[in-house]
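Heads up, the thing below is written out as structure tokens.
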Amino acid sequence: MTQEIWTIKDVLSWSIGFLQKSGSESPRLDAELLLAEALECRRLDLYLDHLKPLEQSERNRYKDMIRRRAHGEPVAYITGHRDFFGLTFNVSPSTLIPRPETEHLIESILENTAKDSVLHVLDIGTGTGCLAIALKHHRPLWTVEAWDNSTDALAIAASNVNKLSVDVELRHVNALAHNAWDTDRQKFDIVVSNPPYIAQEERGVMSPSAIKFEPHSALFAEKNGLTFYAAFAANLPRIMQAKGKVYLEIGYQQRNAVFSLLEEAGWAELLCIKDLSGHDRVVIATAP
């Protein structure tokens with residue numbers, strides 16, 4: 001019996017329709033990313049070689065990926081990596097998946113610093129290490145430190161530090177603990193953070209995929225999502241140089257609340273930057 005021949009074009013056409021029925025918001029992109037991963041090629045190659053038949057082993061590998069995606073698992077967890085600010089990062093279910101809107105943090109910092117500057121920088125809640133590593137990549141003269149309270153996340157961050165050949169110091173620190181704010185160490189010029197900021201009450205409007213698969217400790221925060229901002233406002237001045245800068249990602253409805261916390265603690269020169277969708281996304285402030 002002759003084995004049925006499935007070309008790249010055939011497989012893409014089938015999987016795009018299958019993912020559409022499964023509720024994917026980006027079925028073509030998902031199908032292309034997963035097939036390129038299964039075939040260990042570029043997305044462009046899928047169209048340059050669209051008549052190439054797939055081996056049975058390649059089809060089986062791809063079918064497994066597509067089934068996982070159809071059950072809501074994020075593409076980044078299936079492939080094990082995600083692009084962020086021109087770099088490719090390892091990811092796992094122990095880390096938040098880097099998102100395009102978080103790139104605004106990097107853009108804001110680079111726009112406000114010189115290429116030849118020599119600064120001491122801290123990333124709090126580093127996850128994959130994407131912020132710390134991207135900053136070190138673009139500002140090699142900086143000393144960059146990154147904290148996370150998850151040892152599993154720090155292991156992924158360490159894999160990315162090694163993979164991308166950057167010098168970033170990783171530390172296991174709980175930013176909500178009192179001893180995190182040790183004043184006997186060198187102080188920072190810049191602190192950046194994309195902390196958990198989603199209120200529990202917002203679960204109903206979130207992506208079911210994020211709730212099911214991404215670490216809740218990296219998504220949700222108490223006190224209407226403001227727990228970390230309150231801690232930062234009160235404690236960051238203890239570990240920062242006078243007039244140092246903080247760059248914080250926020251939820252699109254949190255600008256006024258975060259501004260109030262910072263102003264009450266004496267922070268100055270508050271500024272909010274919107275993302276490409278027009279939502280408030282990055283708060284910048286100067287330490288007292």
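Starting from 1 in every chain, residues are counted up; chains themselves are A, B, ... following the order of the structure tokens, and ligands are numbered from 1 as listed.
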
Step one, run DSSP on the backbone; step two, keep only residues of region 4-150 of chain A assigned to helix (DSSP H, G or I); then write them as a PyMOL selection string. chain A and resi 8-22+27-39+43-48+56-70+75-79+100-111+130-138

Keeping only C-alpha atoms, write the selected residues as a short mmCIF file (atom, residue, chain, number, x, y, z; two decimals), in the first residue's frame.
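What landed in result17.cif:
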data_model
loop_
_atom_site.label_atom_id
_atom_site.label_comp_id
_atom_site.auth_asym_id
_atom_site.auth_seq_id
_atom_site.Cartn_x
_atom_site.Cartn_y
_atom_site.Cartn_z
CA ILE A 8 4.59 21.24 3.75
CA LYS A 9 1.77 23.11 1.98
CA ASP A 10 -0.73 20.34 2.76
CA VAL A 11 0.25 20.13 6.40
CA LEU A 12 0.08 23.90 6.90
CA SER A 13 -3.33 24.12 5.27
CA TRP A 14 -4.71 21.33 7.48
CA SER A 15 -3.21 22.63 10.71
CA ILE A 16 -4.33 26.22 10.18
CA GLY A 17 -7.93 25.04 9.80
CA PHE A 18 -7.59 22.73 12.80
CA LEU A 19 -6.24 25.52 15.03
CA GLN A 20 -8.98 27.90 13.86
CA LYS A 21 -11.60 25.40 15.03
CA SER A 22 -9.71 24.99 18.30
CA PRO A 27 -3.70 29.98 13.72
CA ARG A 28 -1.42 30.69 10.74
CA LEU A 29 1.40 32.08 12.86
CA ASP A 30 1.08 29.23 15.37
CA ALA A 31 1.10 26.61 12.62
CA GLU A 32 4.14 28.15 10.93
CA LEU A 33 6.16 28.51 14.12
CA LEU A 34 5.46 24.95 15.18
CA LEU A 35 6.13 23.41 11.77
CA ALA A 36 9.40 25.32 11.46
CA GLU A 37 10.35 23.98 14.89
CA ALA A 38 9.38 20.42 13.96
CA LEU A 39 11.38 20.58 10.72
CA ARG A 43 9.56 30.00 8.64
CA LEU A 44 10.65 31.34 5.26
CA ASP A 45 11.77 27.85 4.23
CA LEU A 46 8.21 26.60 4.65
CA TYR A 47 7.25 28.66 1.61
CA LEU A 48 10.47 28.22 -0.34
CA GLN A 56 6.36 10.19 8.86
CA SER A 57 8.54 11.03 11.88
CA GLU A 58 8.28 14.75 11.06
CA ARG A 59 4.51 14.52 10.74
CA ASN A 60 4.23 12.71 14.05
CA ARG A 61 6.36 15.30 15.81
CA TYR A 62 4.32 18.12 14.33
CA LYS A 63 0.98 16.49 15.15
CA ASP A 64 2.01 16.25 18.80
CA MET A 65 2.85 19.97 18.83
CA ILE A 66 -0.41 20.92 17.14
CA ARG A 67 -2.45 18.85 19.61
CA ARG A 68 -0.74 20.60 22.51
CA ARG A 69 -1.47 23.99 20.96
CA ALA A 70 -5.10 23.01 20.34
CA VAL A 75 3.62 28.07 21.44
CA ALA A 76 6.64 29.27 23.44
CA TYR A 77 6.28 26.43 25.95
CA ILE A 78 5.92 23.89 23.13
CA THR A 79 9.03 25.09 21.30
CA PRO A 100 6.19 42.48 23.03
CA GLU A 101 4.80 45.21 25.31
CA THR A 102 7.61 44.53 27.79
CA GLU A 103 10.10 45.63 25.13
CA HIS A 104 8.99 49.19 25.91
CA LEU A 105 10.94 48.94 29.16
CA ILE A 106 14.15 48.24 27.25
CA GLU A 107 13.45 50.95 24.68
CA SER A 108 12.79 53.54 27.41
CA ILE A 109 16.00 52.74 29.26
CA LEU A 110 18.19 52.73 26.14
CA GLU A 111 16.69 56.03 24.95
CA CYS A 130 15.10 38.79 29.21
CA LEU A 131 15.27 42.33 30.61
CA ALA A 132 18.64 42.00 32.33
CA ILE A 133 20.23 40.17 29.40
CA ALA A 134 18.86 42.53 26.74
CA LEU A 135 20.16 45.51 28.70
CA LYS A 136 23.60 43.96 29.16
CA HIS A 137 23.67 43.03 25.46
CA HIS A 138 23.07 46.64 24.42
#

What lies within 7 Å of region 235-243 of chain A using only C-alpha atoms, ignoring chain neighbours under 6 positions off, as a list in words?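 Skipping anything fewer than 6 positions along the chain leaves Trp181, Thr183, Lys187, Phe188, Asp189, Thr286, Ala287 and Pro288 of chain A.
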
With only C-alpha atoms as the counted atoms, please give the residues lying no more than 10 Å from Lys274 (chain A), apart from itself and same-chain residues fewer than 6 positions off, as a ChimeraX atom specification. /A:101,104,252,280-283

Give me a file of those residues, with N, CA and C atoms, as a compact mmCIF listing (two decimals), in the first residue's frame.
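The resulting file, part37.txt, is reproduced below:
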# COMPACT_ATOMS: atom_id res chain seq x y z
N GLU A 101 4.99 43.94 24.60
CA GLU A 101 4.80 45.21 25.31
C GLU A 101 5.90 45.45 26.34
N HIS A 104 9.00 47.75 25.67
CA HIS A 104 8.99 49.19 25.91
C HIS A 104 9.87 49.57 27.09
N TYR A 252 -2.67 48.32 32.39
CA TYR A 252 -3.14 49.49 31.65
C TYR A 252 -4.08 50.40 32.46
N ASP A 280 -1.43 52.69 28.83
CA ASP A 280 -0.35 53.01 29.77
C ASP A 280 0.44 51.74 30.06
N ARG A 281 1.79 51.81 29.94
CA ARG A 281 2.56 50.58 30.05
C ARG A 281 3.82 50.70 30.88
N VAL A 282 4.54 51.82 30.80
CA VAL A 282 5.81 51.97 31.52
C VAL A 282 5.77 53.23 32.38
N VAL A 283 6.06 53.09 33.65
CA VAL A 283 6.20 54.23 34.55
C VAL A 283 7.68 54.45 34.83

For Ser217 (chain A): contacts at 10 Å, only C-alpha atoms, fewer than 6 positions along chain excluded, given as JSON, numbers by chain: {"A": [94, 95, 96, 149, 150, 195, 196, 197]}

Nearest to Val191 (chain A) among A:Leu270, A:Ile156, A:Val121, A:Met206, with distances taken over only C-alpha atoms: which residue is it?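 The answer is A:Val121, which sits nearest to Val191 (chain A).
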
Just list the residues in region 132-280 of chain A DSSP gives strand (DSSP E) on the backbone, as a ChimeraX atom specification. /A:143-148,168-172,188-193,240-249,268-274,280

Got time to write the residues from that selection, N, CA and C atoms, as an mmCIF file, in the first residue's frame?
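Output saved as again_9.cif:
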data_model
loop_
_atom_site.group_PDB
_atom_site.id
_atom_site.type_symbol
_atom_site.label_atom_id
_atom_site.label_comp_id
_atom_site.auth_asym_id
_atom_site.auth_seq_id
_atom_site.Cartn_x
_atom_site.Cartn_y
_atom_site.Cartn_z
ATOM 1 N N THR A 143 27.108 47.070 34.810
ATOM 2 C CA THR A 143 27.059 45.937 35.731
ATOM 3 C C THR A 143 25.590 45.635 35.985
ATOM 4 N N VAL A 144 25.160 44.450 35.619
ATOM 5 C CA VAL A 144 23.731 44.113 35.680
ATOM 6 C C VAL A 144 23.511 42.942 36.635
ATOM 7 N N GLU A 145 22.569 43.133 37.530
ATOM 8 C CA GLU A 145 22.189 42.115 38.508
ATOM 9 C C GLU A 145 20.707 41.803 38.320
ATOM 10 N N ALA A 146 20.326 40.563 38.559
ATOM 11 C CA ALA A 146 18.930 40.165 38.373
ATOM 12 C C ALA A 146 18.475 39.296 39.534
ATOM 13 N N TRP A 147 17.278 39.613 40.077
ATOM 14 C CA TRP A 147 16.705 38.875 41.207
ATOM 15 C C TRP A 147 15.477 38.093 40.772
ATOM 16 N N ASP A 148 15.284 36.951 41.423
ATOM 17 C CA ASP A 148 14.007 36.255 41.315
ATOM 18 C C ASP A 148 13.839 35.390 42.553
ATOM 19 N N VAL A 168 25.749 38.554 33.615
ATOM 20 C CA VAL A 168 24.685 39.046 34.472
ATOM 21 C C VAL A 168 24.719 38.239 35.769
ATOM 22 N N GLU A 169 24.736 38.922 36.901
ATOM 23 C CA GLU A 169 24.726 38.236 38.194
ATOM 24 C C GLU A 169 23.291 37.906 38.587
ATOM 25 N N LEU A 170 23.020 36.629 38.812
ATOM 26 C CA LEU A 170 21.689 36.169 39.190
ATOM 27 C C LEU A 170 21.662 35.887 40.683
ATOM 28 N N ARG A 171 20.612 36.379 41.372
ATOM 29 C CA ARG A 171 20.508 36.179 42.813
ATOM 30 C C ARG A 171 19.105 35.727 43.191
ATOM 31 N N HIS A 172 19.042 34.793 44.141
ATOM 32 C CA HIS A 172 17.766 34.311 44.654
ATOM 33 C C HIS A 172 17.317 35.253 45.757
ATOM 34 N N PHE A 188 22.282 51.036 43.265
ATOM 35 C CA PHE A 188 21.975 50.943 41.840
ATOM 36 C C PHE A 188 21.620 52.311 41.249
ATOM 37 N N ASP A 189 22.009 52.488 39.985
ATOM 38 C CA ASP A 189 21.651 53.697 39.240
ATOM 39 C C ASP A 189 20.284 53.550 38.589
ATOM 40 N N ILE A 190 19.969 52.315 38.182
ATOM 41 C CA ILE A 190 18.698 52.035 37.504
ATOM 42 C C ILE A 190 18.133 50.730 38.060
ATOM 43 N N VAL A 191 16.829 50.728 38.329
ATOM 44 C CA VAL A 191 16.106 49.500 38.654
ATOM 45 C C VAL A 191 14.979 49.341 37.642
ATOM 46 N N VAL A 192 14.854 48.139 37.111
ATOM 47 C CA VAL A 192 13.791 47.848 36.152
ATOM 48 C C VAL A 192 13.019 46.635 36.647
ATOM 49 N N SER A 193 11.715 46.622 36.415
ATOM 50 C CA SER A 193 10.932 45.467 36.844
ATOM 51 C C SER A 193 9.637 45.352 36.050
ATOM 52 N N MET A 240 19.199 52.493 46.067
ATOM 53 C CA MET A 240 19.457 53.248 44.844
ATOM 54 C C MET A 240 20.280 54.493 45.128
ATOM 55 N N GLN A 241 21.028 54.888 44.113
ATOM 56 C CA GLN A 241 21.727 56.154 44.180
ATOM 57 C C GLN A 241 20.693 57.289 44.217
ATOM 58 N N ALA A 242 21.044 58.378 44.868
ATOM 59 C CA ALA A 242 20.167 59.554 44.836
ATOM 60 C C ALA A 242 19.934 59.956 43.384
ATOM 61 N N LYS A 243 18.692 60.210 43.054
ATOM 62 C CA LYS A 243 18.273 60.575 41.689
ATOM 63 C C LYS A 243 18.376 59.408 40.705
ATOM 64 N N GLY A 244 18.492 58.190 41.240
ATOM 65 C CA GLY A 244 18.449 57.028 40.360
ATOM 66 C C GLY A 244 17.077 56.881 39.733
ATOM 67 N N LYS A 245 16.992 56.079 38.688
ATOM 68 C CA LYS A 245 15.740 55.937 37.938
ATOM 69 C C LYS A 245 15.157 54.534 38.085
ATOM 70 N N VAL A 246 13.841 54.486 38.217
ATOM 71 C CA VAL A 246 13.140 53.212 38.197
ATOM 72 C C VAL A 246 12.248 53.166 36.966
ATOM 73 N N TYR A 247 12.200 51.988 36.326
ATOM 74 C CA TYR A 247 11.364 51.754 35.150
ATOM 75 C C TYR A 247 10.486 50.544 35.455
ATOM 76 N N LEU A 248 9.167 50.751 35.473
ATOM 77 C CA LEU A 248 8.229 49.711 35.878
ATOM 78 C C LEU A 248 7.182 49.463 34.799
ATOM 79 N N GLU A 249 6.978 48.195 34.458
ATOM 80 C CA GLU A 249 5.818 47.873 33.625
ATOM 81 C C GLU A 249 4.595 47.845 34.530
ATOM 82 N N ALA A 268 10.047 61.550 42.298
ATOM 83 C CA ALA A 268 9.808 62.757 41.497
ATOM 84 C C ALA A 268 9.909 62.446 40.004
ATOM 85 N N GLU A 269 9.571 63.459 39.194
ATOM 86 C CA GLU A 269 9.698 63.385 37.735
ATOM 87 C C GLU A 269 8.994 62.151 37.170
ATOM 88 N N LEU A 270 7.764 61.934 37.619
ATOM 89 C CA LEU A 270 7.002 60.770 37.178
ATOM 90 C C LEU A 270 6.548 60.942 35.729
ATOM 91 N N LEU A 271 6.680 59.852 34.988
ATOM 92 C CA LEU A 271 6.325 59.853 33.574
ATOM 93 C C LEU A 271 5.723 58.503 33.227
ATOM 94 N N CYS A 272 4.712 58.502 32.371
ATOM 95 C CA CYS A 272 4.105 57.244 31.923
ATOM 96 C C CYS A 272 4.158 57.164 30.405
ATOM 97 N N ILE A 273 4.608 56.029 29.887
ATOM 98 C CA ILE A 273 4.731 55.807 28.442
ATOM 99 C C ILE A 273 3.700 54.772 28.009
ATOM 100 N N LYS A 274 3.065 55.040 26.897
ATOM 101 C CA LYS A 274 2.040 54.135 26.373
ATOM 102 C C LYS A 274 2.661 53.100 25.438
ATOM 103 N N ASP A 280 -1.432 52.688 28.832
ATOM 104 C CA ASP A 280 -0.346 53.014 29.769
ATOM 105 C C ASP A 280 0.440 51.743 30.056
#

Given the choices A:Gly204, A:Ala231, A:Trp142, A:Gly251, which gets closest to Ala180 (chain A) if the distance is worked out from only C-alpha atoms? A:Ala231

Please, what distance in Å, to one decimal, runs between CA of Gly129 (chain A) and CA of Leu176 (chain A)?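 Taking CA of Gly129 (chain A) as the start and CA of Leu176 (chain A) as the end point, the length is 19.1 Å.
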
Expressed in Å, the length from CA of Phe213 (chain A) to CA of Pro74 (chain A) is 7.5 Å

What is the CA of Val258 (chain A)-CA of Leu219 (chain A) distance in Å, reported with one decimal? 17.0 Å

Could you check which of A:Thr227, A:Trp6, A:Ile97, A:His216 is closest to Glu55 (chain A), using only C-alpha atoms?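 Among A:Thr227, A:Trp6, A:Ile97, A:His216, it is A:Trp6 that comes nearest to Glu55 (chain A).
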
Closest of A:Asn160, A:Gln186, A:Gln254, A:Asn194 to Gly125 (chain A), counting only C-alpha atoms, is A:Asn194

Check the smallest atom-to-atom distance from each of A:Lys115, A:Arg139, A:Lys163, A:Arg99 to Asp275 (chain A) using only C-alpha atoms, then report the winner.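 With only C-alpha atoms as the atom set, the closest residue is A:Arg99.
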